[in-house]
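Engineer: Can you read through this structure? Questions will come right after.
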Amino acid sequence: MSSTLERMRRLQGVRNQRAASEPTGTSTPEQPAEAPDWEAEPAAIEALETGEIVENSAGLCYLVTRHCLPFGKEQGQGQSVREQFAVGNLLERDPSILAPLYPAYQLERCPDFRRSAFLDIESTGLGGGAGIYAFMVGVGTFEPQDGNGDGTADSLAFVVRQFFMRHPGEEPALLTALAELLHGCHSLVTFNGRSFDAPLLRGRYRYAGSFLPANVGRPPTLDDGAPHLDLLHPARRLWRKRLGSCALSNLERRVLGFSRAEDDVPGSVIPQLYADYLRDGDGRMMQRVFYHNREDIVSMAALAEVICSAFAEPVTEGPEHQQPLDLLSMARLQIDLECPDRAETLFRAALDQLSSRADLAESFDGLGRLLKRQRRWEEAAAVWQQWLTTVRDPGGATDSRPYEELAKFCEWQKGDLAQAAMWTQWALHEQEQAPPHSRSPQTQTELRHRLARLERKLNAGG
């Protein structure tokens with residue numbers, strides 16, 4: 001037994017101990033496979049994962065196909081966001097709403113997800129180069145169900161195809177079959193795929209080019225300039241403030257409300273599991289890799305719907321993923337999207353729910369700047385007044401920024417130099433009384449210059 005299998009056996013023992021107290025979930029209609037019987041005879045992957053042998057002009061590879069969605073036909077209480085996901089929800093979303101924030105994604109050319117390929121690979125290692133290849137490529141696409149091809153959401157299902165090379169000699173056949181599938185797709189959806197999946201596959205088509213049929217090349221969908229939504233980047237902008245880690249597994253638990261079944265495997269051990277499979281032919285752990293890859297793809301589809309919904313229809317009440325810190329993150333995003341009305345609503349909602357001094361200060365600062373940009377001076381001044389009276393640390397010090405803003409407002413909008421000098425003095429006082437790590441010598445210098453200028457104006461006017 002390999003060292004990797006020994007580690008997985010210990011991991012299974014830990015999971016069994018906690019299974020009684022931790023609920024789990026699965027996204028596929030079929031029941032998850034039971035934990036392997038470690039004493040049983042090794043089994044071929046073909047006997048464990050129902051699929052088909054694909055034969056093309058480049059050779060053979062193995063293909064497993066699953067119809068994973070739709071969900072949401074009968075939604076009930078207690079379901080996770082992912083379990084409530086329905087095909088129609090995602091197909092109603094417009095990926096191009098993210099285009100202003102991510103121009104390199106080319107999403108202005110992607111009006112919906114009907115011709116998107118949700119792609120995730122399992123590889124023999126990290127990085128690139130001739131020695132690292134994708135031994136499994138999973139692709140989720142929307143396809144007609146029950147022979148109904150009218151293109152409406154109700155007529156489509158989400159289908160996951162997993163191309164698998166049972167030994168390295170099957171790579172040309174895998175790449176040929178993958179190219180045929182991706183030629184029918186207009187865009188990619190991945191999770192960290194712009195940095196890893198797509199570049200690795202581009203490299204594999206380049207390295208394996210001499211082994212591919214003459215009419216087979218890299219599909220245009222994998223080109224660097226093709227439409228490609230990498231969910232990691234908008235996920236970070238939405239949830240990193242609250243969650244810290246935006247790993248897909250953490251987003252599943254804390255955004256989609258989903259826990260995987262016990263037959264999942266950590267992504268970090270997958271390269272070694274494949275190396276073990278090549279050595280001993282035991283498909284039991286590979287069956288878990290199939291599950292892991294399939295779950296990644298289904299979660300990406302659900303996450304894409306949540307992300308597009310948050311960008312297009314930010315709300316202040318309702319879904320569980322609308323937490324106070326998420327409201328603050330979405331407010332910042334709506335400013336970048338040049339939607340000031342939505343941003344204002346979100347900032348005010350965040351202020352009603354946040355308690356951390358730092359988060360409140362960020363919300364007051366964002367709302368004040370927004371109102372100032374719109375020349376709503378009196379409303380901005382009210383926000384700055386509320387900020388300085390609300391956000392104080394236990395030592396009594398406050399942030400100097402609202403005092404500075406009020407000084408500028410009084411000088412340039414009200415023409416009240418005495419009030420401007422008073423607020424400047426307060427700002428300087430707060431800077432001088434702040435803890436050493438919070439003081440800014442540059443800010444103090446600027447405040448002293450401002451105060452001296454105001455005093456000169458006041459003396460000249462007197």
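Numbering starts fresh at 1 for the residues of each chain in the structure tokens, the chains themselves are lettered A, B, ... in the order given, and ligands are numbered from 1 as they appear.
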Sort by chain and increasing residue number a table of all residues of segment 39-142 of chain A within 9 Å of segment 189-208 of chain A, each with its closest pair of atoms and their distance in Å to one decimal, counting only C-alpha atoms, and write it as JSON lines.

Structural biologist:
{"residue": "A:Phe113", "atom": "CA", "partner": "A:Val189", "partner_atom": "CA", "distance": 8.9}
{"residue": "A:Ser116", "atom": "CA", "partner": "A:Val189", "partner_atom": "CA", "distance": 6.7}
{"residue": "A:Ala117", "atom": "CA", "partner": "A:Val189", "partner_atom": "CA", "distance": 6.0}
{"residue": "A:Phe118", "atom": "CA", "partner": "A:Val189", "partner_atom": "CA", "distance": 4.7}
{"residue": "A:Leu119", "atom": "CA", "partner": "A:Thr190", "partner_atom": "CA", "distance": 5.5}
{"residue": "A:Asp120", "atom": "CA", "partner": "A:Thr190", "partner_atom": "CA", "distance": 6.4}
{"residue": "A:Ile121", "atom": "CA", "partner": "A:Asp197", "partner_atom": "CA", "distance": 6.2}
{"residue": "A:Glu122", "atom": "CA", "partner": "A:Asp197", "partner_atom": "CA", "distance": 8.7}
{"residue": "A:Ser123", "atom": "CA", "partner": "A:Leu200", "partner_atom": "CA", "distance": 8.9}
{"residue": "A:Leu126", "atom": "CA", "partner": "A:Phe196", "partner_atom": "CA", "distance": 8.2}
{"residue": "A:Gly127", "atom": "CA", "partner": "A:Phe196", "partner_atom": "CA", "distance": 7.5}
{"residue": "A:Gly128", "atom": "CA", "partner": "A:Leu200", "partner_atom": "CA", "distance": 5.9}
{"residue": "A:Gly129", "atom": "CA", "partner": "A:Gly203", "partner_atom": "CA", "distance": 7.2}
{"residue": "A:Ala130", "atom": "CA", "partner": "A:Tyr207", "partner_atom": "CA", "distance": 6.5}
{"residue": "A:Ile132", "atom": "CA", "partner": "A:Leu200", "partner_atom": "CA", "distance": 8.0}
{"residue": "A:Tyr133", "atom": "CA", "partner": "A:Arg204", "partner_atom": "CA", "distance": 6.5}
{"residue": "A:Ala134", "atom": "CA", "partner": "A:Leu201", "partner_atom": "CA", "distance": 7.3}

Engineer: List the neighbours of Cys246 of chain A out to 9 Å using only C-alpha atoms; skip same-chain residues closer than 4 positions along the sequence, and give me the result as number ranges by chain.

Structural biologist: A: 232, 235-236, 239-240, 250-251

Engineer: Could those residues be written to a file, using N, CA and C atoms, as a compact mmCIF listing (two decimals), in the first residue's frame?

Structural biologist:
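Contents of the output file out_25.txt:
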# COMPACT_ATOMS: atom_id res chain seq x y z
N LEU A 232 -12.60 33.22 -9.52
CA LEU A 232 -11.81 33.53 -8.32
C LEU A 232 -11.73 35.03 -8.08
N ALA A 235 -14.98 36.67 -6.91
CA ALA A 235 -15.27 36.10 -5.59
C ALA A 235 -14.44 36.79 -4.52
N ARG A 236 -13.18 37.06 -4.83
CA ARG A 236 -12.35 37.77 -3.85
C ARG A 236 -12.88 39.16 -3.57
N TRP A 239 -16.12 38.58 -1.32
CA TRP A 239 -16.14 37.86 -0.05
C TRP A 239 -14.84 37.82 0.72
N ARG A 240 -13.73 38.30 0.15
CA ARG A 240 -12.47 38.18 0.89
C ARG A 240 -12.50 38.99 2.18
N ASN A 250 -13.91 26.72 0.68
CA ASN A 250 -14.43 27.64 1.69
C ASN A 250 -15.67 28.37 1.17
N LEU A 251 -15.68 28.73 -0.11
CA LEU A 251 -16.86 29.37 -0.70
C LEU A 251 -18.04 28.40 -0.71

Engineer: Taking only C-alpha atoms into account, name the residue in A:Cys68, A:Cys339, A:Val383, A:Ala331 that is nearest to Val298 of chain A.

Structural biologist: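 The shortest atom-to-atom distance to Val298 of chain A comes from A:Cys68.
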
Engineer: Write down as an MDAnalysis selection string the residues belonging to segment 54-250 of chain A that are assigned helix (DSSP H, G or I) by DSSP computed on the backbone.

Structural biologist: chainID A and resid 87:91 95:98 103:105 107:109 153:155 168:182 197:207 209:211 220:222 232:243 248:250

Engineer: Applying 8 Å and only C-alpha atoms, which residues near Arg284 of chain A remain after dropping the ones on its own chain fewer than 5 positions away? List them as a list in words.

Structural biologist: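 Residues near the query, excluding close chain neighbours: Pro36, Pro42, Ala43, Ala44, Ile45 and Leu48 of chain A.
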
Engineer: For Asp264 of chain A, work out the shell of residues within 8 Å, counting only C-alpha atoms and skipping chain neighbours fewer than 5 positions away, then give it as a VMD selection string.

Structural biologist: chain A and resid 288 to 289 291 to 292

Engineer: Mind dumping the selected residues with C-alpha atoms as a PDB file, in the first residue's frame?

Structural biologist:
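Once written, part_33.pdb looks like this:
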ATOM      1  CA  ARG A 288     -12.800   9.955  -5.544  1.00  0.00           C
ATOM      2  CA  VAL A 289     -10.887  12.211  -7.917  1.00  0.00           C
ATOM      3  CA  TYR A 291     -16.125  13.008  -7.617  1.00  0.00           C
ATOM      4  CA  HIS A 292     -13.848  15.891  -6.591  1.00  0.00           C
TER       5      HIS A 292
END

Engineer: Which of these, A:Arg401, A:His167, A:Arg332, A:Arg448, has the shortest distance to Leu367 of chain A once you count only C-alpha atoms?

Structural biologist: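 So, comparing all the options, the nearest one is A:Arg332.
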
Engineer: From the options A:Cys410, A:Met136, A:Leu327, A:Ala177, which residue's atoms come nearest to Pro314 of chain A, counting only C-alpha atoms?

Structural biologist: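 Under the stated criterion, the closest residue is A:Leu327.
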
Engineer: Determine the nearest neighbour of His186 of chain A from the options A:Ser356, A:Gln334, A:Gln106, A:Asn56, counting only C-alpha atoms.

Structural biologist: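 With only C-alpha atoms as the atom set, the closest residue is A:Gln106.
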
Engineer: Using only C-alpha atoms, can you tell me which of A:Gln444, A:Phe142, A:Leu178, A:Phe158 comes closest to Tyr62 of chain A?

Structural biologist: A:Leu178

Engineer: Hey, what's within 12 Å of Ala47 of chain A if we count only C-alpha atoms and toss same-chain stuff fewer than 5 positions away? As a list in words, please?

Structural biologist: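 So the residues in contact are Pro42, Glu52, Val64, Gly281, Asp282, Gly283, Arg284, Met286 and Gln287 of chain A.
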
Engineer: Could you tell me which of A:Leu222, A:Val391, A:Ala157, A:Ala452 comes closest to Arg357 of chain A if we count only C-alpha atoms?

Structural biologist: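 Looking at the shortest contact to Arg357 of chain A, the residue is A:Val391.
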
Engineer: Can you list, as an MDAnalysis selection string, every protein, DNA or RNA residue that comes within 6 Å of segment 65-67 of chain A when you count only C-alpha atoms, leaving out same-chain residues fewer than 4 positions away?

Structural biologist: chainID A and resid 159:161

Engineer: Do you know which residues are at most 12 Å from Asp352 of chain A counting only C-alpha atoms, after dropping those on the same chain fewer than 4 positions away, and could you put them as a list of chain:residue names?

Structural biologist: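 In the requested format, the answer is A:Thr316, A:Glu317, A:Gln323, A:Pro324, A:Leu325, A:Leu327, A:Leu328, A:Thr345, A:Leu346, A:Phe347, A:Arg348, A:Ser356, A:Asp359, A:Leu360, A:Ser363, A:Phe364.
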
Engineer: The selected residues should be written to file as a PDB file, in the first residue's frame (atoms: N, CA and C atoms).

Structural biologist:
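New file again_28.pdb:
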ATOM      1  N   THR A 316     -30.244  44.237   0.161  1.00  0.00           N
ATOM      2  CA  THR A 316     -29.862  44.477   1.557  1.00  0.00           C
ATOM      3  C   THR A 316     -30.509  43.489   2.508  1.00  0.00           C
ATOM      4  N   GLU A 317     -31.410  42.679   2.026  1.00  0.00           N
ATOM      5  CA  GLU A 317     -32.050  41.675   2.872  1.00  0.00           C
ATOM      6  C   GLU A 317     -32.254  40.424   2.031  1.00  0.00           C
ATOM      7  N   GLN A 323     -24.183  39.275   3.886  1.00  0.00           N
ATOM      8  CA  GLN A 323     -23.722  39.611   5.226  1.00  0.00           C
ATOM      9  C   GLN A 323     -23.255  41.067   5.253  1.00  0.00           C
ATOM     10  N   PRO A 324     -23.173  41.692   6.460  1.00  0.00           N
ATOM     11  CA  PRO A 324     -22.793  43.105   6.520  1.00  0.00           C
ATOM     12  C   PRO A 324     -21.500  43.434   5.786  1.00  0.00           C
ATOM     13  N   LEU A 325     -20.464  42.609   5.970  1.00  0.00           N
ATOM     14  CA  LEU A 325     -19.206  42.893   5.276  1.00  0.00           C
ATOM     15  C   LEU A 325     -19.342  42.711   3.765  1.00  0.00           C
ATOM     16  N   LEU A 327     -22.035  43.482   2.144  1.00  0.00           N
ATOM     17  CA  LEU A 327     -22.684  44.709   1.692  1.00  0.00           C
ATOM     18  C   LEU A 327     -21.660  45.805   1.441  1.00  0.00           C
ATOM     19  N   LEU A 328     -20.669  45.894   2.330  1.00  0.00           N
ATOM     20  CA  LEU A 328     -19.620  46.889   2.155  1.00  0.00           C
ATOM     21  C   LEU A 328     -18.800  46.600   0.894  1.00  0.00           C
ATOM     22  N   THR A 345     -27.194  52.865  -1.314  1.00  0.00           N
ATOM     23  CA  THR A 345     -28.085  51.966  -0.572  1.00  0.00           C
ATOM     24  C   THR A 345     -27.286  50.930   0.206  1.00  0.00           C
ATOM     25  N   LEU A 346     -26.271  50.375  -0.419  1.00  0.00           N
ATOM     26  CA  LEU A 346     -25.468  49.334   0.216  1.00  0.00           C
ATOM     27  C   LEU A 346     -24.611  49.902   1.345  1.00  0.00           C
ATOM     28  N   PHE A 347     -24.023  51.081   1.152  1.00  0.00           N
ATOM     29  CA  PHE A 347     -23.253  51.700   2.232  1.00  0.00           C
ATOM     30  C   PHE A 347     -24.135  51.953   3.453  1.00  0.00           C
ATOM     31  N   ARG A 348     -25.334  52.477   3.216  1.00  0.00           N
ATOM     32  CA  ARG A 348     -26.228  52.787   4.349  1.00  0.00           C
ATOM     33  C   ARG A 348     -26.689  51.502   5.035  1.00  0.00           C
ATOM     34  N   SER A 356     -17.699  46.724  13.816  1.00  0.00           N
ATOM     35  CA  SER A 356     -16.258  46.959  13.902  1.00  0.00           C
ATOM     36  C   SER A 356     -15.937  48.416  13.580  1.00  0.00           C
ATOM     37  N   ASP A 359     -14.448  48.803  10.060  1.00  0.00           N
ATOM     38  CA  ASP A 359     -15.433  48.613   8.996  1.00  0.00           C
ATOM     39  C   ASP A 359     -16.402  49.788   8.933  1.00  0.00           C
ATOM     40  N   LEU A 360     -16.796  50.298  10.106  1.00  0.00           N
ATOM     41  CA  LEU A 360     -17.665  51.475  10.121  1.00  0.00           C
ATOM     42  C   LEU A 360     -16.950  52.673   9.495  1.00  0.00           C
ATOM     43  N   SER A 363     -16.976  52.380   5.822  1.00  0.00           N
ATOM     44  CA  SER A 363     -18.303  52.650   5.266  1.00  0.00           C
ATOM     45  C   SER A 363     -18.617  54.142   5.274  1.00  0.00           C
ATOM     46  N   PHE A 364     -18.332  54.812   6.380  1.00  0.00           N
ATOM     47  CA  PHE A 364     -18.551  56.266   6.431  1.00  0.00           C
ATOM     48  C   PHE A 364     -17.701  56.973   5.380  1.00  0.00           C
TER      49      PHE A 364
END

Engineer: Can you tell me how far atom CA of Leu91 of chain A sits from atom CA of Ser309 of chain A, in Å to one decimal?

Structural biologist: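 The value is 11.4 Å.
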
Engineer: Any idea what the distance is between atom CA of Asp296 of chain A and atom CA of Leu243 of chain A?

Structural biologist: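 Atom CA of Leu243 of chain A lies 19.0 Å from atom CA of Asp296 of chain A.
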
Engineer: Please run DSSP on the backbone and report, as a count of residues only, all residues within segment 142-381 of chain A that come out as strand (DSSP E).

Structural biologist: 19

Engineer: What's the separation between atom CA of Cys308 of chain A and atom CA of Leu337 of chain A, in Å to one decimal place?

Structural biologist: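 We find that atom CA of Cys308 of chain A and atom CA of Leu337 of chain A lie 13.0 Å from each other.
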